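> So here's query.cif, just mmCIF, C-alpha atoms:
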data_my_file
#
loop_
_atom_site.label_atom_id
_atom_site.label_comp_id
_atom_site.auth_asym_id
_atom_site.auth_seq_id
_atom_site.Cartn_x
_atom_site.Cartn_y
_atom_site.Cartn_z
CA MET A 1 32.91 -82.88 -126.30
CA ASN A 2 29.37 -83.40 -127.48
CA ASP A 3 26.78 -80.79 -126.47
CA TYR A 4 24.07 -83.44 -126.06
CA GLY A 5 23.24 -84.99 -122.73
CA ARG A 6 23.16 -88.71 -122.18
CA LEU A 7 21.39 -91.17 -119.98
CA VAL A 8 23.87 -92.64 -117.49
CA ASP A 9 21.37 -95.00 -115.90
CA ALA A 10 17.60 -95.20 -115.52
CA ASN A 11 17.51 -92.17 -113.18
CA THR A 12 20.61 -90.15 -114.10
CA ILE A 13 21.53 -87.81 -116.95
CA GLN A 14 24.87 -86.22 -117.72
CA PHE A 15 26.21 -83.37 -119.84
CA ARG A 16 29.80 -82.69 -120.84
CA ARG A 17 30.08 -79.17 -122.21
CA HIS A 18 32.95 -76.93 -123.18
CA PHE A 19 32.64 -73.17 -122.71
CA ASP A 20 34.90 -70.52 -124.20
CA ALA A 21 35.35 -68.77 -120.87
CA ASP A 22 37.80 -69.26 -118.03
CA VAL A 23 36.85 -71.25 -114.94
CA GLU A 24 36.44 -68.08 -112.85
CA THR A 25 33.86 -66.72 -115.28
CA VAL A 26 31.91 -69.98 -115.55
CA TRP A 27 31.91 -70.32 -111.75
CA ALA A 28 30.56 -66.77 -111.41
CA PHE A 29 27.69 -67.65 -113.78
CA LEU A 30 26.84 -70.62 -111.51
CA ILE A 31 27.03 -68.79 -108.17
CA ASP A 32 26.18 -65.13 -108.78
CA PRO A 33 22.36 -64.75 -108.90
CA GLU A 34 22.46 -61.77 -111.29
CA LYS A 35 24.69 -63.62 -113.76
CA ARG A 36 22.85 -66.95 -113.34
CA LYS A 37 19.45 -65.44 -114.10
CA ARG A 38 20.73 -64.39 -117.54
CA TRP A 39 20.87 -68.06 -118.64
CA PHE A 40 19.08 -70.12 -115.98
CA GLY A 41 17.43 -68.92 -112.78
CA GLY A 42 18.38 -66.23 -110.28
CA GLY A 43 18.01 -66.41 -106.53
CA GLU A 44 20.13 -66.39 -103.43
CA THR A 45 23.18 -68.62 -103.17
CA ASP A 46 24.84 -69.24 -99.82
CA ALA A 47 27.91 -70.88 -101.39
CA ARG A 48 28.97 -73.20 -98.57
CA VAL A 49 28.19 -76.75 -97.51
CA GLY A 50 24.82 -76.64 -95.78
CA GLY A 51 23.99 -73.33 -97.45
CA ARG A 52 20.86 -72.65 -99.42
CA ILE A 53 20.53 -72.24 -103.16
CA VAL A 54 17.37 -70.65 -104.48
CA LEU A 55 16.53 -71.00 -108.17
CA GLU A 56 13.98 -68.44 -109.28
CA PHE A 57 13.01 -69.07 -112.87
CA ASP A 58 11.40 -66.43 -115.04
CA HIS A 59 11.43 -67.86 -118.54
CA ARG A 60 9.78 -64.68 -119.82
CA ARG A 61 13.25 -63.16 -119.47
CA LEU A 62 14.75 -65.92 -121.62
CA SER A 63 12.11 -66.31 -124.31
CA ASP A 64 9.88 -64.19 -126.48
CA THR A 65 7.89 -67.32 -127.27
CA PRO A 66 5.19 -68.29 -124.75
CA PRO A 67 5.70 -71.64 -123.05
CA PRO A 68 4.01 -74.69 -124.53
CA GLU A 69 0.78 -75.56 -122.78
CA LYS A 70 2.34 -78.36 -120.71
CA TYR A 71 4.82 -75.86 -119.22
CA ALA A 72 2.46 -72.88 -118.91
CA ASP A 73 2.44 -73.12 -115.11
CA GLN A 74 6.26 -73.20 -115.05
CA GLU A 75 7.01 -69.94 -116.85
CA THR A 76 7.92 -68.65 -113.41
CA ASP A 77 8.93 -71.10 -110.73
CA ARG A 78 10.98 -71.26 -107.55
CA PHE A 79 13.02 -74.09 -106.09
CA GLU A 80 15.03 -74.13 -102.89
CA GLY A 81 17.82 -76.64 -102.37
CA GLU A 82 20.68 -77.35 -100.04
CA ILE A 83 24.31 -77.09 -101.09
CA LEU A 84 25.97 -80.44 -100.41
CA ALA A 85 29.44 -79.60 -101.78
CA CYS A 86 31.03 -76.30 -102.70
CA GLU A 87 34.62 -76.17 -103.86
CA PRO A 88 35.03 -72.76 -105.52
CA LEU A 89 36.07 -72.89 -109.17
CA ARG A 90 35.84 -76.68 -109.11
CA ARG A 91 32.64 -78.34 -107.81
CA LEU A 92 29.07 -77.47 -106.83
CA VAL A 93 26.54 -80.06 -105.65
CA PHE A 94 23.01 -79.24 -104.52
CA THR A 95 19.62 -80.82 -103.98
CA TRP A 96 16.77 -79.93 -106.29
CA PRO A 97 13.42 -80.54 -104.60
CA GLU A 98 10.71 -81.81 -106.91
CA GLU A 99 6.98 -82.20 -106.56
CA GLU A 100 7.29 -85.79 -107.77
CA GLY A 101 9.17 -88.04 -105.37
CA GLU A 102 11.99 -87.24 -103.00
CA GLY A 103 13.90 -84.71 -105.08
CA THR A 104 17.03 -84.86 -107.14
CA ARG A 105 20.70 -84.05 -106.88
CA VAL A 106 22.71 -81.86 -109.26
CA GLU A 107 26.51 -82.21 -109.44
CA ILE A 108 28.55 -79.71 -111.46
CA ASP A 109 32.28 -80.16 -111.95
CA LEU A 110 34.52 -77.62 -113.69
CA SER A 111 38.05 -77.98 -115.02
CA GLU A 112 40.38 -75.93 -117.18
CA ALA A 113 40.28 -77.27 -120.70
CA ASP A 114 43.37 -78.09 -122.70
CA GLY A 115 43.80 -75.20 -125.09
CA GLY A 116 41.73 -72.78 -122.99
CA GLY A 117 38.20 -72.42 -121.77
CA THR A 118 36.34 -74.57 -119.28
CA ASP A 119 35.03 -78.10 -119.39
CA LEU A 120 31.85 -78.63 -117.38
CA VAL A 121 30.34 -81.95 -116.37
CA LEU A 122 26.81 -81.87 -114.99
CA THR A 123 25.28 -85.00 -113.51
CA HIS A 124 21.62 -84.84 -112.45
CA ARG A 125 20.54 -87.83 -110.32
CA GLY A 126 17.18 -89.05 -109.10
CA LEU A 127 15.08 -88.38 -112.21
CA GLY A 128 12.34 -90.96 -111.84
CA SER A 129 10.13 -90.94 -114.92
CA ALA A 130 11.00 -90.90 -118.62
CA GLU A 131 9.02 -87.68 -119.04
CA PHE A 132 11.00 -86.06 -116.23
CA ARG A 133 14.35 -87.20 -117.73
CA ILE A 134 13.43 -85.91 -121.20
CA GLY A 135 12.34 -82.55 -119.79
CA ALA A 136 15.53 -82.28 -117.72
CA LEU A 137 17.71 -83.20 -120.71
CA ALA A 138 16.02 -80.60 -122.90
CA GLY A 139 16.00 -77.99 -120.14
CA TRP A 140 19.65 -78.26 -119.16
CA HIS A 141 20.68 -78.40 -122.81
CA ALA A 142 18.68 -75.28 -123.74
CA HIS A 143 19.97 -73.39 -120.70
CA PHE A 144 23.58 -74.36 -121.49
CA ASP A 145 23.05 -73.15 -125.06
CA LEU A 146 22.02 -69.75 -123.64
CA LEU A 147 25.17 -69.68 -121.50
CA ASP A 148 27.25 -70.57 -124.55
CA ASP A 149 25.63 -67.69 -126.47
CA ILE A 150 26.45 -65.27 -123.63
CA PHE A 151 30.10 -66.34 -123.62
CA ALA A 152 30.21 -66.03 -127.42
CA GLY A 153 28.91 -62.46 -127.15
CA ILE A 154 25.84 -63.10 -129.29
CA ASP A 155 22.15 -62.58 -128.57
CA PRO A 156 20.92 -65.65 -126.70
CA ARG A 157 18.51 -67.81 -128.66
CA ASP A 158 14.88 -68.17 -127.65
CA PHE A 159 14.63 -70.59 -124.73
CA TRP A 160 11.21 -72.18 -125.40
CA THR A 161 11.84 -72.63 -129.13
CA ARG A 162 15.15 -74.36 -128.38
CA HIS A 163 13.73 -76.37 -125.46
CA MET A 164 10.86 -77.84 -127.47
CA ALA A 165 13.11 -78.82 -130.40
CA LEU A 166 15.45 -80.52 -127.92
CA GLU A 167 12.56 -82.21 -126.12
CA ASP A 168 11.47 -83.69 -129.46
CA HIS A 169 15.05 -84.89 -130.07
CA TYR A 170 15.51 -86.43 -126.62
CA GLY A 171 12.06 -88.03 -126.83
CA GLU A 172 13.07 -89.79 -130.05
CA VAL A 173 16.47 -91.02 -128.87
CA GLY A 174 15.73 -91.93 -125.39
#
Here is the file; what I need is its structure written in the form of structure tokens.

Amino acid sequence: MNDYGRLVDANTIQFRRHFDADVETVWAFLIDPEKRKRWFGGGETDARVGGRIVLEFDHRRLSDTPPPEKYADQETDRFEGEILACEPLRRLVFTWPEEEGEGTRVEIDLSEADGGGTDLVLTHRGLGSAEFRIGALAGWHAHFDLLDDIFAGIDPRDFWTRHMALEDHYGEVG
């Protein structure tokens, strides 16, 4: 598996990541707000179809580096989506409302990997502009790197430093 995301079509990105943790642990880091805020965003999760997922981002918790100017207003942010599919230990699908356009859809599929660990496939649909796609690619990638660091038992890297390097990379390739 390659850690880098890819463009599936003009509005869709996808990641295929392997984590050295069992499916139960990876699932807990997706659903449990206290665990999820360590690598992504906390917030309530009503883990059922029709339930609500709240993503409360506080990047100050994930980075000692201040956000770049273009993200200064997003150092803390809150999104509320609806859970469209929830199959514990296997699949989570939710809406991600956006200020631009109608919103997006995030699909996360988990499976036990041959040889141990968990394979994760994330597909994020409805990303309208190139700038939005590049930011989403860099964001998901940097957040997954933090999760990987947690599972490896090492200090997570600095989110904004990693995000900006990845944004430069994704801007060049795509």
> With 10 Å as the threshold, what does the neighbourhood of (14.3, -68.8, -119.6) contain in terms of residues, counting all atoms listed in the file? Coordinates are those of the file; answer as a list of chain:residue names.
A:Lys37, A:Arg38, A:Trp39, A:Phe40, A:Gly41, A:Phe57, A:Asp58, A:His59, A:Arg60, A:Arg61, A:Leu62, A:Ser63, A:Asp64, A:Pro67, A:Glu75, A:Thr76, A:Gly139, A:Ala142, A:His143, A:Leu146, A:Asp158, A:Phe159, A:Trp160, A:His163
> Kindly extract all protein, DNA and RNA residues lying within 12 Å of the coordinates (17.8, -71.6, -101.2) given in the file, considering all atoms listed in the file, and supply them as a PDB file with C-alpha atoms, in the coordinates of the input.

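New file result-v1.pdb:
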ATOM      1  CA  ILE A  31      27.030 -68.790-108.170  1.00  0.00           C
ATOM      2  CA  PRO A  33      22.360 -64.750-108.900  1.00  0.00           C
ATOM      3  CA  GLY A  41      17.430 -68.920-112.780  1.00  0.00           C
ATOM      4  CA  GLY A  42      18.380 -66.230-110.280  1.00  0.00           C
ATOM      5  CA  GLY A  43      18.010 -66.410-106.530  1.00  0.00           C
ATOM      6  CA  GLU A  44      20.130 -66.390-103.430  1.00  0.00           C
ATOM      7  CA  THR A  45      23.180 -68.620-103.170  1.00  0.00           C
ATOM      8  CA  ASP A  46      24.840 -69.240 -99.820  1.00  0.00           C
ATOM      9  CA  ALA A  47      27.910 -70.880-101.390  1.00  0.00           C
ATOM     10  CA  ARG A  48      28.970 -73.200 -98.570  1.00  0.00           C
ATOM     11  CA  GLY A  50      24.820 -76.640 -95.780  1.00  0.00           C
ATOM     12  CA  GLY A  51      23.990 -73.330 -97.450  1.00  0.00           C
ATOM     13  CA  ARG A  52      20.860 -72.650 -99.420  1.00  0.00           C
ATOM     14  CA  ILE A  53      20.530 -72.240-103.160  1.00  0.00           C
ATOM     15  CA  VAL A  54      17.370 -70.650-104.480  1.00  0.00           C
ATOM     16  CA  LEU A  55      16.530 -71.000-108.170  1.00  0.00           C
ATOM     17  CA  GLU A  56      13.980 -68.440-109.280  1.00  0.00           C
ATOM     18  CA  ARG A  78      10.980 -71.260-107.550  1.00  0.00           C
ATOM     19  CA  PHE A  79      13.020 -74.090-106.090  1.00  0.00           C
ATOM     20  CA  GLU A  80      15.030 -74.130-102.890  1.00  0.00           C
ATOM     21  CA  GLY A  81      17.820 -76.640-102.370  1.00  0.00           C
ATOM     22  CA  GLU A  82      20.680 -77.350-100.040  1.00  0.00           C
ATOM     23  CA  ILE A  83      24.310 -77.090-101.090  1.00  0.00           C
ATOM     24  CA  PHE A  94      23.010 -79.240-104.520  1.00  0.00           C
ATOM     25  CA  THR A  95      19.620 -80.820-103.980  1.00  0.00           C
ATOM     26  CA  TRP A  96      16.770 -79.930-106.290  1.00  0.00           C
ATOM     27  CA  PRO A  97      13.420 -80.540-104.600  1.00  0.00           C
TER      28      PRO A  97
END
> Excluding Gly135 (chain A) and any residue of its chain fewer than 2 positions from it, enumerate the residues within 10 Å of it, using only C-alpha atoms, and give them as a CSV table (one decimal) with C-alpha atoms, in the coordinates of the input.

chain,number,residue,atom,x,y,z
A,127,LEU,CA,15.1,-88.4,-112.2
A,129,SER,CA,10.1,-90.9,-114.9
A,130,ALA,CA,11.0,-90.9,-118.6
A,131,GLU,CA,9.0,-87.7,-119.0
A,132,PHE,CA,11.0,-86.1,-116.2
A,133,ARG,CA,14.4,-87.2,-117.7
A,137,LEU,CA,17.7,-83.2,-120.7
A,138,ALA,CA,16.0,-80.6,-122.9
A,139,GLY,CA,16.0,-78.0,-120.1
A,140,TRP,CA,19.6,-78.3,-119.2
A,141,HIS,CA,20.7,-78.4,-122.8
A,163,HIS,CA,13.7,-76.4,-125.5
A,164,MET,CA,10.9,-77.8,-127.5
A,166,LEU,CA,15.4,-80.5,-127.9
A,167,GLU,CA,12.6,-82.2,-126.1
A,168,ASP,CA,11.5,-83.7,-129.5
A,170,TYR,CA,15.5,-86.4,-126.6
A,171,GLY,CA,12.1,-88.0,-126.8
> Of the candidates A:Glu98, A:Arg17, A:Thr104, A:Phe144, which one gets nearest to Arg36 (chain A) if we count all atoms listed in the file?
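Closest to Arg36 (chain A), using all atoms listed in the file: A:Phe144.
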> Work out how far CA of Arg162 (chain A) is from CA of Phe29 (chain A), in Å to one decimal.
20.4 Å
> Take the PyMOL selection byres ((chain A and resi 118-120) around 9), apply it to the structure above, and return the hits as a list of chain:residue names.
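Selected by the PyMOL selection byres ((chain A and resi 118-120) around 9) in this file: A:Met1, A:Phe15, A:Arg16, A:Arg17, A:His18, A:Phe19, A:Asp20, A:Ala21, A:Asp22, A:Val23, A:Val26, A:Ile108, A:Asp109, A:Leu110, A:Ser111, A:Glu112, A:Ala113, A:Asp114, A:Gly116, A:Gly117, A:Val121, A:Leu122.
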> Separation of CA of His169 (chain A) and CA of Lys70 (chain A), in Å?
17.1 Å
> Could you work out an axis-aligned box for region 93-112 of chain A, taking every atom the file lists and adding 4 Å on each side, and report centre and edge lengths in Å to one decimal, as JSON?

{"center_x": 23.7, "center_y": -82.0, "center_z": -110.1, "size_x": 41.4, "size_y": 20.1, "size_z": 22.2}
> What is the CA of Pro88 (chain A) to CA of Leu30 (chain A) distance in Å?
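If I compute the distance from CA of Pro88 (chain A) to CA of Leu30 (chain A), I get 10.4 Å.
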> Looking at A:Ile13, A:Val8, A:Leu92, A:Ala72, which one is nearest to His124 (chain A), with distances taken over all atoms listed in the file?
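Going through A:Ile13, A:Val8, A:Leu92, A:Ala72 one by one, the smallest distance to His124 (chain A) is for A:Ile13.
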> Quick one: of A:Thr123, A:Thr161, A:Val49, A:Trp27, who's nearest to Arg6 (chain A), counting only C-alpha atoms?
A:Thr123
> Could you check which of A:Arg125, A:Leu7, A:Leu147, A:Leu89 is closest to Arg105 (chain A), using all atoms listed in the file?
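Answer, going by the shortest atom-to-atom distance: A:Arg125.
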> With only C-alpha atoms as the atoms that count, which of A:Ile154, A:Val106, A:Ala10, A:Ala85 lies nearest to Ile134 (chain A)?
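The shortest atom-to-atom distance to Ile134 (chain A) comes from A:Ala10.
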> Can I get region 19-30 of chain A with all heavy atoms filled in, as a PDB file, keeping the file's coordinate frame?

ATOM      1  N   PHE A  19      32.981 -74.586-122.585  1.00  0.00           N
ATOM      2  CA  PHE A  19      32.640 -73.170-122.710  1.00  0.00           C
ATOM      3  C   PHE A  19      33.894 -72.361-122.971  1.00  0.00           C
ATOM      4  O   PHE A  19      34.942 -72.600-122.346  1.00  0.00           O
ATOM      5  CB  PHE A  19      31.931 -72.665-121.443  1.00  0.00           C
ATOM      6  CG  PHE A  19      30.593 -73.293-121.225  1.00  0.00           C
ATOM      7  CD1 PHE A  19      30.414 -74.280-120.263  1.00  0.00           C
ATOM      8  CD2 PHE A  19      29.504 -72.924-122.003  1.00  0.00           C
ATOM      9  CE1 PHE A  19      29.176 -74.873-120.070  1.00  0.00           C
ATOM     10  CE2 PHE A  19      28.261 -73.519-121.821  1.00  0.00           C
ATOM     11  CZ  PHE A  19      28.105 -74.490-120.858  1.00  0.00           C
ATOM     12  N   ASP A  20      33.775 -71.406-123.884  1.00  0.00           N
ATOM     13  CA  ASP A  20      34.900 -70.520-124.200  1.00  0.00           C
ATOM     14  C   ASP A  20      34.945 -69.369-123.207  1.00  0.00           C
ATOM     15  O   ASP A  20      34.729 -68.202-123.549  1.00  0.00           O
ATOM     16  CB  ASP A  20      34.770 -70.000-125.642  1.00  0.00           C
ATOM     17  CG  ASP A  20      35.052 -71.084-126.660  1.00  0.00           C
ATOM     18  OD1 ASP A  20      35.899 -71.956-126.382  1.00  0.00           O
ATOM     19  OD2 ASP A  20      34.421 -71.069-127.724  1.00  0.00           O
ATOM     20  N   ALA A  21      35.192 -69.728-121.970  1.00  0.00           N
ATOM     21  CA  ALA A  21      35.350 -68.770-120.870  1.00  0.00           C
ATOM     22  C   ALA A  21      36.213 -69.451-119.824  1.00  0.00           C
ATOM     23  O   ALA A  21      36.205 -70.687-119.712  1.00  0.00           O
ATOM     24  CB  ALA A  21      33.989 -68.386-120.286  1.00  0.00           C
ATOM     25  N   ASP A  22      36.944 -68.650-119.058  1.00  0.00           N
ATOM     26  CA  ASP A  22      37.800 -69.260-118.030  1.00  0.00           C
ATOM     27  C   ASP A  22      36.949 -69.787-116.877  1.00  0.00           C
ATOM     28  O   ASP A  22      35.764 -69.460-116.756  1.00  0.00           O
ATOM     29  CB  ASP A  22      38.872 -68.287-117.565  1.00  0.00           C
ATOM     30  CG  ASP A  22      38.313 -67.001-116.955  1.00  0.00           C
ATOM     31  OD1 ASP A  22      37.238 -67.029-116.320  1.00  0.00           O
ATOM     32  OD2 ASP A  22      38.962 -65.947-117.115  1.00  0.00           O
ATOM     33  N   VAL A  23      37.564 -70.597-116.046  1.00  0.00           N
ATOM     34  CA  VAL A  23      36.850 -71.250-114.940  1.00  0.00           C
ATOM     35  C   VAL A  23      36.244 -70.207-114.001  1.00  0.00           C
ATOM     36  O   VAL A  23      35.114 -70.387-113.523  1.00  0.00           O
ATOM     37  CB  VAL A  23      37.795 -72.209-114.177  1.00  0.00           C
ATOM     38  CG1 VAL A  23      37.151 -72.719-112.896  1.00  0.00           C
ATOM     39  CG2 VAL A  23      38.189 -73.383-115.052  1.00  0.00           C
ATOM     40  N   GLU A  24      36.955 -69.119-113.746  1.00  0.00           N
ATOM     41  CA  GLU A  24      36.440 -68.080-112.850  1.00  0.00           C
ATOM     42  C   GLU A  24      35.127 -67.511-113.380  1.00  0.00           C
ATOM     43  O   GLU A  24      34.180 -67.270-112.618  1.00  0.00           O
ATOM     44  CB  GLU A  24      37.470 -66.963-112.667  1.00  0.00           C
ATOM     45  CG  GLU A  24      38.698 -67.371-111.880  1.00  0.00           C
ATOM     46  CD  GLU A  24      39.769 -68.088-112.725  1.00  0.00           C
ATOM     47  OE1 GLU A  24      39.596 -68.231-113.967  1.00  0.00           O
ATOM     48  OE2 GLU A  24      40.770 -68.525-112.136  1.00  0.00           O
ATOM     49  N   THR A  25      35.065 -67.288-114.679  1.00  0.00           N
ATOM     50  CA  THR A  25      33.860 -66.720-115.280  1.00  0.00           C
ATOM     51  C   THR A  25      32.700 -67.716-115.231  1.00  0.00           C
ATOM     52  O   THR A  25      31.578 -67.358-114.861  1.00  0.00           O
ATOM     53  CB  THR A  25      34.139 -66.288-116.733  1.00  0.00           C
ATOM     54  OG1 THR A  25      35.189 -65.298-116.719  1.00  0.00           O
ATOM     55  CG2 THR A  25      32.903 -65.724-117.400  1.00  0.00           C
ATOM     56  N   VAL A  26      32.972 -68.966-115.586  1.00  0.00           N
ATOM     57  CA  VAL A  26      31.910 -69.980-115.550  1.00  0.00           C
ATOM     58  C   VAL A  26      31.409 -70.140-114.116  1.00  0.00           C
ATOM     59  O   VAL A  26      30.189 -70.185-113.872  1.00  0.00           O
ATOM     60  CB  VAL A  26      32.389 -71.321-116.141  1.00  0.00           C
ATOM     61  CG1 VAL A  26      31.318 -72.396-115.991  1.00  0.00           C
ATOM     62  CG2 VAL A  26      32.782 -71.157-117.614  1.00  0.00           C
ATOM     63  N   TRP A  27      32.305 -70.204-113.150  1.00  0.00           N
ATOM     64  CA  TRP A  27      31.910 -70.320-111.750  1.00  0.00           C
ATOM     65  C   TRP A  27      30.998 -69.158-111.340  1.00  0.00           C
ATOM     66  O   TRP A  27      29.973 -69.352-110.693  1.00  0.00           O
ATOM     67  CB  TRP A  27      33.138 -70.384-110.841  1.00  0.00           C
ATOM     68  CG  TRP A  27      32.795 -70.534-109.392  1.00  0.00           C
ATOM     69  CD1 TRP A  27      32.787 -69.553-108.436  1.00  0.00           C
ATOM     70  CD2 TRP A  27      32.371 -71.729-108.719  1.00  0.00           C
ATOM     71  NE1 TRP A  27      32.393 -70.060-107.218  1.00  0.00           N
ATOM     72  CE2 TRP A  27      32.143 -71.395-107.370  1.00  0.00           C
ATOM     73  CE3 TRP A  27      32.186 -73.042-109.127  1.00  0.00           C
ATOM     74  CZ2 TRP A  27      31.726 -72.324-106.420  1.00  0.00           C
ATOM     75  CZ3 TRP A  27      31.774 -73.970-108.179  1.00  0.00           C
ATOM     76  CH2 TRP A  27      31.541 -73.614-106.850  1.00  0.00           C
ATOM     77  N   ALA A  28      31.372 -67.943-111.741  1.00  0.00           N
ATOM     78  CA  ALA A  28      30.560 -66.770-111.410  1.00  0.00           C
ATOM     79  C   ALA A  28      29.149 -66.904-111.984  1.00  0.00           C
ATOM     80  O   ALA A  28      28.171 -66.528-111.331  1.00  0.00           O
ATOM     81  CB  ALA A  28      31.227 -65.499-111.930  1.00  0.00           C
ATOM     82  N   PHE A  29      29.009 -67.482-113.182  1.00  0.00           N
ATOM     83  CA  PHE A  29      27.690 -67.650-113.780  1.00  0.00           C
ATOM     84  C   PHE A  29      26.891 -68.787-113.127  1.00  0.00           C
ATOM     85  O   PHE A  29      25.692 -68.906-113.350  1.00  0.00           O
ATOM     86  CB  PHE A  29      27.799 -67.854-115.297  1.00  0.00           C
ATOM     87  CG  PHE A  29      27.829 -66.557-116.059  1.00  0.00           C
ATOM     88  CD1 PHE A  29      29.006 -65.843-116.191  1.00  0.00           C
ATOM     89  CD2 PHE A  29      26.667 -66.039-116.618  1.00  0.00           C
ATOM     90  CE1 PHE A  29      29.043 -64.635-116.877  1.00  0.00           C
ATOM     91  CE2 PHE A  29      26.683 -64.835-117.307  1.00  0.00           C
ATOM     92  CZ  PHE A  29      27.878 -64.124-117.435  1.00  0.00           C
ATOM     93  N   LEU A  30      27.539 -69.597-112.307  1.00  0.00           N
ATOM     94  CA  LEU A  30      26.840 -70.620-111.510  1.00  0.00           C
ATOM     95  C   LEU A  30      26.399 -70.070-110.156  1.00  0.00           C
ATOM     96  O   LEU A  30      25.330 -70.425-109.656  1.00  0.00           O
ATOM     97  CB  LEU A  30      27.741 -71.831-111.270  1.00  0.00           C
ATOM     98  CG  LEU A  30      28.132 -72.673-112.471  1.00  0.00           C
ATOM     99  CD1 LEU A  30      29.135 -73.743-112.045  1.00  0.00           C
ATOM    100  CD2 LEU A  30      26.918 -73.298-113.122  1.00  0.00           C
TER     101      LEU A  30
END
